[in-house]
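Trainee: Sending over structure.txt (compact mmCIF, C-alpha atoms).
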# COMPACT_ATOMS: atom_id res chain seq x y z
CA MET A 265 115.68 115.29 103.26
CA GLY A 266 117.93 115.71 106.28
CA SER A 267 117.98 113.16 109.10
CA LYS A 268 116.58 115.74 111.53
CA ASN A 269 113.59 116.34 109.26
CA LYS A 270 113.01 112.60 108.93
CA LEU A 271 113.15 112.12 112.67
CA LYS A 272 110.73 114.98 113.21
CA ARG A 273 108.30 113.48 110.69
CA PHE A 274 108.56 110.02 112.24
CA GLN A 275 107.79 111.51 115.63
CA GLU A 276 104.86 113.49 114.27
CA ASN A 277 103.47 110.40 112.54
CA GLU A 278 103.28 108.77 115.97
CA THR A 279 100.78 111.43 117.03
CA PHE A 280 98.55 111.19 113.94
CA LYS A 281 95.34 109.22 114.47
CA ASN A 282 95.24 108.42 110.74
CA VAL A 283 98.67 106.73 110.69
CA ILE A 284 99.25 103.08 111.63
CA GLN A 285 102.83 101.84 111.90
CA PRO A 286 102.85 98.14 112.85
CA THR A 287 105.97 96.03 113.17
CA ARG A 288 106.41 93.26 110.62
CA ASP A 289 105.60 90.69 113.31
CA GLU A 290 102.37 92.52 114.16
CA VAL A 291 101.36 92.39 110.51
CA LEU A 292 102.21 88.71 110.10
CA ASN A 293 100.50 87.59 113.30
CA ASN A 294 96.80 88.49 113.15
CA PHE A 295 97.08 92.19 112.36
CA SER A 296 94.53 93.97 114.53
CA HIS A 297 92.79 95.90 111.73
CA LYS A 298 92.58 93.03 109.24
CA GLY A 299 88.94 92.47 108.35
CA LYS A 300 87.95 95.36 110.63
CA TRP A 301 88.75 98.45 108.59
CA HIS A 302 85.13 99.56 108.53
CA SER A 303 85.26 99.69 112.32
CA PHE A 304 88.36 101.86 112.08
CA PHE A 305 86.54 104.32 109.81
CA GLY A 306 83.21 103.93 111.61
CA ASN A 307 81.19 103.18 108.49
CA ASN A 308 80.60 100.55 105.79
CA ASN A 309 81.76 102.65 102.84
CA PRO A 310 83.85 101.04 100.08
CA LEU A 311 87.55 100.67 100.87
CA ILE A 312 90.07 101.93 98.31
CA VAL A 313 93.82 101.30 98.69
CA GLU A 314 96.80 103.03 97.08
CA LEU A 315 99.92 100.85 97.07
CA GLY A 316 103.24 102.67 97.18
CA CYS A 317 101.48 105.93 97.96
CA GLY A 318 104.63 108.05 98.32
CA LYS A 319 103.69 111.46 99.68
CA GLY A 320 100.04 110.46 99.76
CA GLU A 321 99.00 113.02 97.17
CA TYR A 322 96.79 110.66 95.22
CA THR A 323 95.23 109.09 98.30
CA VAL A 324 94.27 112.48 99.72
CA ALA A 325 93.01 113.85 96.40
CA LEU A 326 90.79 110.81 95.86
CA ALA A 327 89.45 111.14 99.40
CA ARG A 328 88.57 114.78 98.76
CA GLN A 329 86.65 113.87 95.63
CA ASN A 330 84.83 110.91 97.18
CA PRO A 331 83.80 111.49 100.80
CA ASP A 332 81.55 108.41 100.58
CA LYS A 333 84.58 106.10 100.23
CA ASN A 334 87.43 105.25 102.61
CA TYR A 335 91.04 105.49 101.43
CA ILE A 336 94.22 103.86 102.74
CA GLY A 337 97.69 104.70 101.45
CA ILE A 338 100.41 102.09 102.00
CA ASP A 339 104.13 102.78 101.86
CA ILE A 340 107.19 101.64 103.79
CA LYS A 341 108.58 105.18 103.94
CA GLY A 342 106.71 107.03 106.65
CA ALA A 343 108.67 110.26 106.17
CA ARG A 344 107.08 110.46 102.71
CA PHE A 345 103.42 109.88 103.52
CA TRP A 346 103.77 112.21 106.53
CA ARG A 347 102.77 114.99 104.14
CA GLY A 348 99.56 113.28 103.07
CA ALA A 349 98.64 112.32 106.63
CA LYS A 350 99.23 115.87 107.86
CA THR A 351 97.20 117.36 104.99
CA ALA A 352 94.31 115.00 105.72
CA ILE A 353 94.31 116.08 109.36
CA GLU A 354 94.55 119.77 108.48
CA GLU A 355 91.58 119.39 106.12
CA ASN A 356 89.67 117.20 108.58
CA LEU A 357 89.34 114.38 106.07
CA GLN A 358 87.89 111.50 108.08
CA ASN A 359 88.08 108.99 105.22
CA VAL A 360 91.88 108.76 104.93
CA ALA A 361 94.46 106.55 106.67
CA PHE A 362 98.06 105.53 106.04
CA VAL A 363 99.82 102.28 106.91
CA ARG A 364 103.60 101.98 107.04
CA THR A 365 104.44 98.49 105.82
CA GLN A 366 105.73 96.52 102.84
CA ILE A 367 103.38 96.19 99.86
CA GLU A 368 104.05 92.45 99.63
CA LEU A 369 102.22 92.09 102.95
CA VAL A 370 98.97 93.46 101.55
CA ASP A 371 97.09 90.20 102.13
CA TYR A 372 98.11 90.30 105.80
CA ILE A 373 96.75 93.84 106.18
CA PHE A 374 93.37 93.05 104.59
CA THR A 375 91.12 90.02 104.48
CA ALA A 376 89.31 88.45 101.53
CA ASN A 377 86.69 90.66 99.83
CA GLU A 378 87.65 93.68 101.93
CA ILE A 379 88.93 96.04 99.20
CA SER A 380 86.81 97.49 96.40
CA GLU A 381 89.60 99.11 94.41
CA ILE A 382 93.39 99.37 94.22
CA TRP A 383 95.46 102.21 92.80
CA ILE A 384 99.09 101.79 91.76
CA THR A 385 100.51 105.17 90.79
CA PHE A 386 103.94 105.68 89.26
CA PRO A 387 105.62 102.57 90.69
CA ASP A 388 109.26 101.75 90.08
CA PRO A 389 109.05 99.74 86.81
CA GLN A 390 111.94 97.48 87.88
CA ILE A 391 113.05 97.21 84.26
CA LYS A 392 115.98 94.81 84.73
CA TYR A 393 114.99 91.16 84.30
CA GLN A 394 116.43 90.16 87.68
CA ARG A 395 114.10 92.72 89.28
CA THR A 396 110.95 91.16 87.82
CA LYS A 397 109.98 89.71 91.21
CA HIS A 398 109.74 93.25 92.59
CA ARG A 399 107.51 94.52 89.77
CA MET A 400 104.18 95.49 91.32
CA THR A 401 102.09 93.97 88.53
CA ASN A 402 103.83 90.61 88.23
CA THR A 403 101.73 87.47 88.69
CA THR A 404 102.71 87.00 92.35
CA PHE A 405 101.59 90.51 93.26
CA LEU A 406 98.40 90.24 91.20
CA LYS A 407 97.42 87.09 93.10
CA ARG A 408 97.97 88.91 96.39
CA TYR A 409 95.66 91.69 95.20
CA PHE A 410 93.09 89.15 94.06
CA ASN A 411 93.09 87.63 97.55
CA VAL A 412 91.86 90.85 99.15
CA LEU A 413 89.70 92.38 96.41
CA LYS A 414 85.96 92.01 96.21
CA GLU A 415 84.65 89.80 93.42
CA ASP A 416 84.15 92.78 91.09
CA GLY A 417 87.18 94.68 92.45
CA ILE A 418 89.12 97.03 90.19
CA ILE A 419 92.84 97.75 89.85
CA ASN A 420 94.18 101.00 88.36
CA LEU A 421 97.74 101.40 87.08
CA LYS A 422 98.92 104.91 86.23
CA THR A 423 102.54 105.27 85.16
CA ASP A 424 104.98 107.27 83.06
CA SER A 425 106.80 104.04 82.15
CA GLU A 426 105.96 102.70 78.69
CA PHE A 427 107.77 99.52 79.72
CA MET A 428 105.54 99.03 82.79
CA HIS A 429 102.44 99.75 80.74
CA GLY A 430 103.38 97.28 78.00
CA TYR A 431 104.54 94.59 80.43
CA THR A 432 101.33 94.79 82.45
CA LEU A 433 99.05 94.87 79.43
CA GLY A 434 100.77 91.85 77.92
CA LEU A 435 100.55 89.93 81.19
CA LEU A 436 96.87 90.75 81.65
CA HIS A 437 95.98 89.59 78.15
CA GLY A 438 98.20 86.51 78.46
CA GLU A 439 96.57 85.41 81.73
CA GLY A 440 93.02 86.13 80.56
CA HIS A 441 92.21 89.03 82.86
CA GLU A 442 89.64 91.68 81.98
CA VAL A 443 91.11 94.92 80.67
CA LEU A 444 88.41 97.56 81.12
CA TYR A 445 90.39 100.50 79.74
CA ALA A 446 93.92 101.03 78.46
CA ASN A 447 95.57 104.15 77.11
CA HIS A 448 99.22 104.87 76.35
CA ASN A 449 98.73 108.66 76.63
CA VAL A 450 95.73 109.67 78.76
CA TYR A 451 96.11 113.40 78.23
CA HIS A 452 96.08 113.12 74.44
CA ASN A 453 93.15 110.71 74.17
CA SER A 454 89.58 110.66 75.42
CA GLY A 455 87.72 108.35 77.76
CA ALA A 456 90.02 108.24 80.78
CA PRO A 457 88.23 108.44 84.17
CA LYS A 458 88.34 111.90 85.77
CA GLU A 459 90.38 110.49 88.67
CA VAL A 460 93.16 109.83 86.16
CA THR A 461 93.34 113.22 84.45
CA GLU A 462 92.15 115.56 87.21
CA ILE A 463 94.62 114.37 89.87
CA GLN A 464 98.28 115.08 89.21
CA THR A 465 101.13 114.46 91.62
CA PHE A 466 104.20 116.66 91.99
CA TYR A 467 106.32 114.31 89.90
CA GLU A 468 103.59 113.81 87.32
CA ASN A 469 103.53 117.56 86.72
CA GLN A 470 107.26 117.40 86.08
CA TYR A 471 106.74 114.62 83.53
CA LEU A 472 103.99 116.59 81.81
CA ALA A 473 106.19 119.69 81.69
CA VAL A 474 108.57 117.80 79.39
CA ASP A 475 105.67 116.24 77.45
CA LYS A 476 106.25 112.73 78.78
CA ALA A 477 103.29 110.44 78.09
CA ILE A 478 101.27 109.20 81.07
CA THR A 479 99.76 105.75 80.62
CA TYR A 480 96.82 104.13 82.36
CA ILE A 481 95.21 100.69 82.62
CA LYS A 482 92.01 99.79 84.46
CA PHE A 483 91.48 96.06 84.91
CA ARG A 484 89.76 93.26 86.80
CA LEU A 485 91.46 90.00 87.75
CA ASN A 486 90.11 86.56 86.78
CA TYR A 487 91.94 83.85 88.72
Would you give me this structure, written as structure tokens?

Mentor:
Amino acid sequence: MGSKNKLKRFQENETFKNVIQPTRDEVLNNFSHKGKWHSFFGNNNPLIVELGCGKGEYTVALARQNPDKNYIGIDIKGARFWRGAKTAIEENLQNVAFVRTQIELVDYIFTANEISEIWITFPDPQIKYQRTKHRMTNTTFLKRYFNVLKEDGIINLKTDSEFMHGYTLGLLHGEGHEVLYANHNVYHNSGAPKEVTEIQTFYENQYLAVDKAITYIKFRLNY
């Protein structure tokens, strides 16, 4: 994407009522929406968050399917989720928002018991050992998610990385968390939730075109 296109998208994001772009200091120092997301949406519907939402495809698709739930996509790259934010506005989806910030600040964006469900879709698996601290399902990240999830809150991990799938599954079992569903190839096996098989991102379609397996884990944390 050219720099002119990026600049145009950044500028357009500034005009979108469904996009919030706080500075890091604003997030760290009593972020204005923390604990008040239901006021932002104007209802008390369950709050679902997609971490590392990219273009926002999954966030928007989930919002279409479930108008009785509120969805927030989080990503540091605003030029990416511009597409999802624009689509939501064009379709008049009132239950979608996007926040431009780092995922590791998730427990500064939300308060305890504020989120009902988290989606992590096709994250960078950070395969090298020295990158473990950046892996979105390592223990540090899981504890951050636990801090903001409701008591019965759910986390969904959908990935094309067999490594990420195996690493996460092993960690969950090792730490005594509750694995509700796990599948190493959701399109070749039964039982996966419809949100997993009916929603496909641009890159996921490319993986499927070369018959690359898509894995999925649904789990609940027990800290």

Trainee: With all atoms listed in the file as the basis for distance, which of A:Phe280, A:Phe386, A:Tyr393, A:Phe362 is at the shortest distance from A:Gln464?

Mentor: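 Among A:Phe280, A:Phe386, A:Tyr393, A:Phe362, it is A:Phe386 that comes nearest to A:Gln464.
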
Trainee: Taking (105.6, 114.4, 95.1) as a centre in this file's frame and 10 Å as the limit, can you find every polymer residue with an atom that close, using only C-alpha atoms, and give them as an mmCIF file with C-alpha atoms, in the coordinates of the input?

Mentor:
data_model
loop_
_atom_site.group_PDB
_atom_site.id
_atom_site.type_symbol
_atom_site.label_atom_id
_atom_site.label_comp_id
_atom_site.auth_asym_id
_atom_site.auth_seq_id
_atom_site.Cartn_x
_atom_site.Cartn_y
_atom_site.Cartn_z
ATOM 1 C CA CYS A 317 101.480 105.930 97.960
ATOM 2 C CA GLY A 318 104.630 108.050 98.320
ATOM 3 C CA LYS A 319 103.690 111.460 99.680
ATOM 4 C CA GLY A 320 100.040 110.460 99.760
ATOM 5 C CA GLU A 321 99.000 113.020 97.170
ATOM 6 C CA TYR A 322 96.790 110.660 95.220
ATOM 7 C CA ARG A 344 107.080 110.460 102.710
ATOM 8 C CA PHE A 345 103.420 109.880 103.520
ATOM 9 C CA ARG A 347 102.770 114.990 104.140
ATOM 10 C CA GLN A 464 98.280 115.080 89.210
ATOM 11 C CA THR A 465 101.130 114.460 91.620
ATOM 12 C CA PHE A 466 104.200 116.660 91.990
ATOM 13 C CA TYR A 467 106.320 114.310 89.900
ATOM 14 C CA GLU A 468 103.590 113.810 87.320
ATOM 15 C CA ASN A 469 103.530 117.560 86.720
ATOM 16 C CA GLN A 470 107.260 117.400 86.080
#

Trainee: Counting only C-alpha atoms, what is within 7 Å of stretch 328-341 of chain A, bar same-chain residues fewer than 6 positions away, as a ChimeraX atom specification?

Mentor: /A:309-318,320,359-367

Trainee: What are the centre and the three edge lengths of an axis-aligned box that wraps all atoms of stretch 470-486 of chain A in the file, given that 4 Å is added to every side, written as lines of an AutoDock Vina configuration file and rounded to one decimal in Å?

Mentor:
center_x = 99.2
center_y = 103.1
center_z = 82.6
size_x = 26.8
size_y = 41.1
size_z = 18.3

Trainee: Hey, which of A:Leu472, A:Ile481, A:Ile384, A:Ile379 ends up closest to A:Gly434? Count all atoms listed in the file.

Mentor: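 When distances to A:Gly434 are compared using all atoms listed in the file, the smallest one comes from A:Ile481.
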
Trainee: Out of A:Phe427, A:Tyr480, A:Phe274, A:Phe305, which residue has the shortest atom-to-atom distance to A:Ala349 when counting only C-alpha atoms?

Mentor: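 Result for the nearest residue to A:Ala349: A:Phe274.
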
Trainee: Which residue out of A:Glu426, A:Gly306, A:Gly417, A:Glu368 has the minimum interatomic distance to A:Lys397 when only C-alpha atoms are used?

Mentor: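 The closest residue to A:Lys397 is A:Glu368.
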
Trainee: Identify which of the residues A:Ile391, A:Leu485, A:Ala343, A:Leu326 lies closest to A:Gly438, counting all atoms listed in the file when measuring atom-to-atom distances.

Mentor: A:Leu485

Trainee: Kindly give the distance, in Å, that separates atom CA of A:Gln275 and atom CA of A:Arg288, rounded to a single decimal.

Mentor: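 Straight-line distance from atom CA of A:Gln275 to atom CA of A:Arg288 works out to 19.0 Å.
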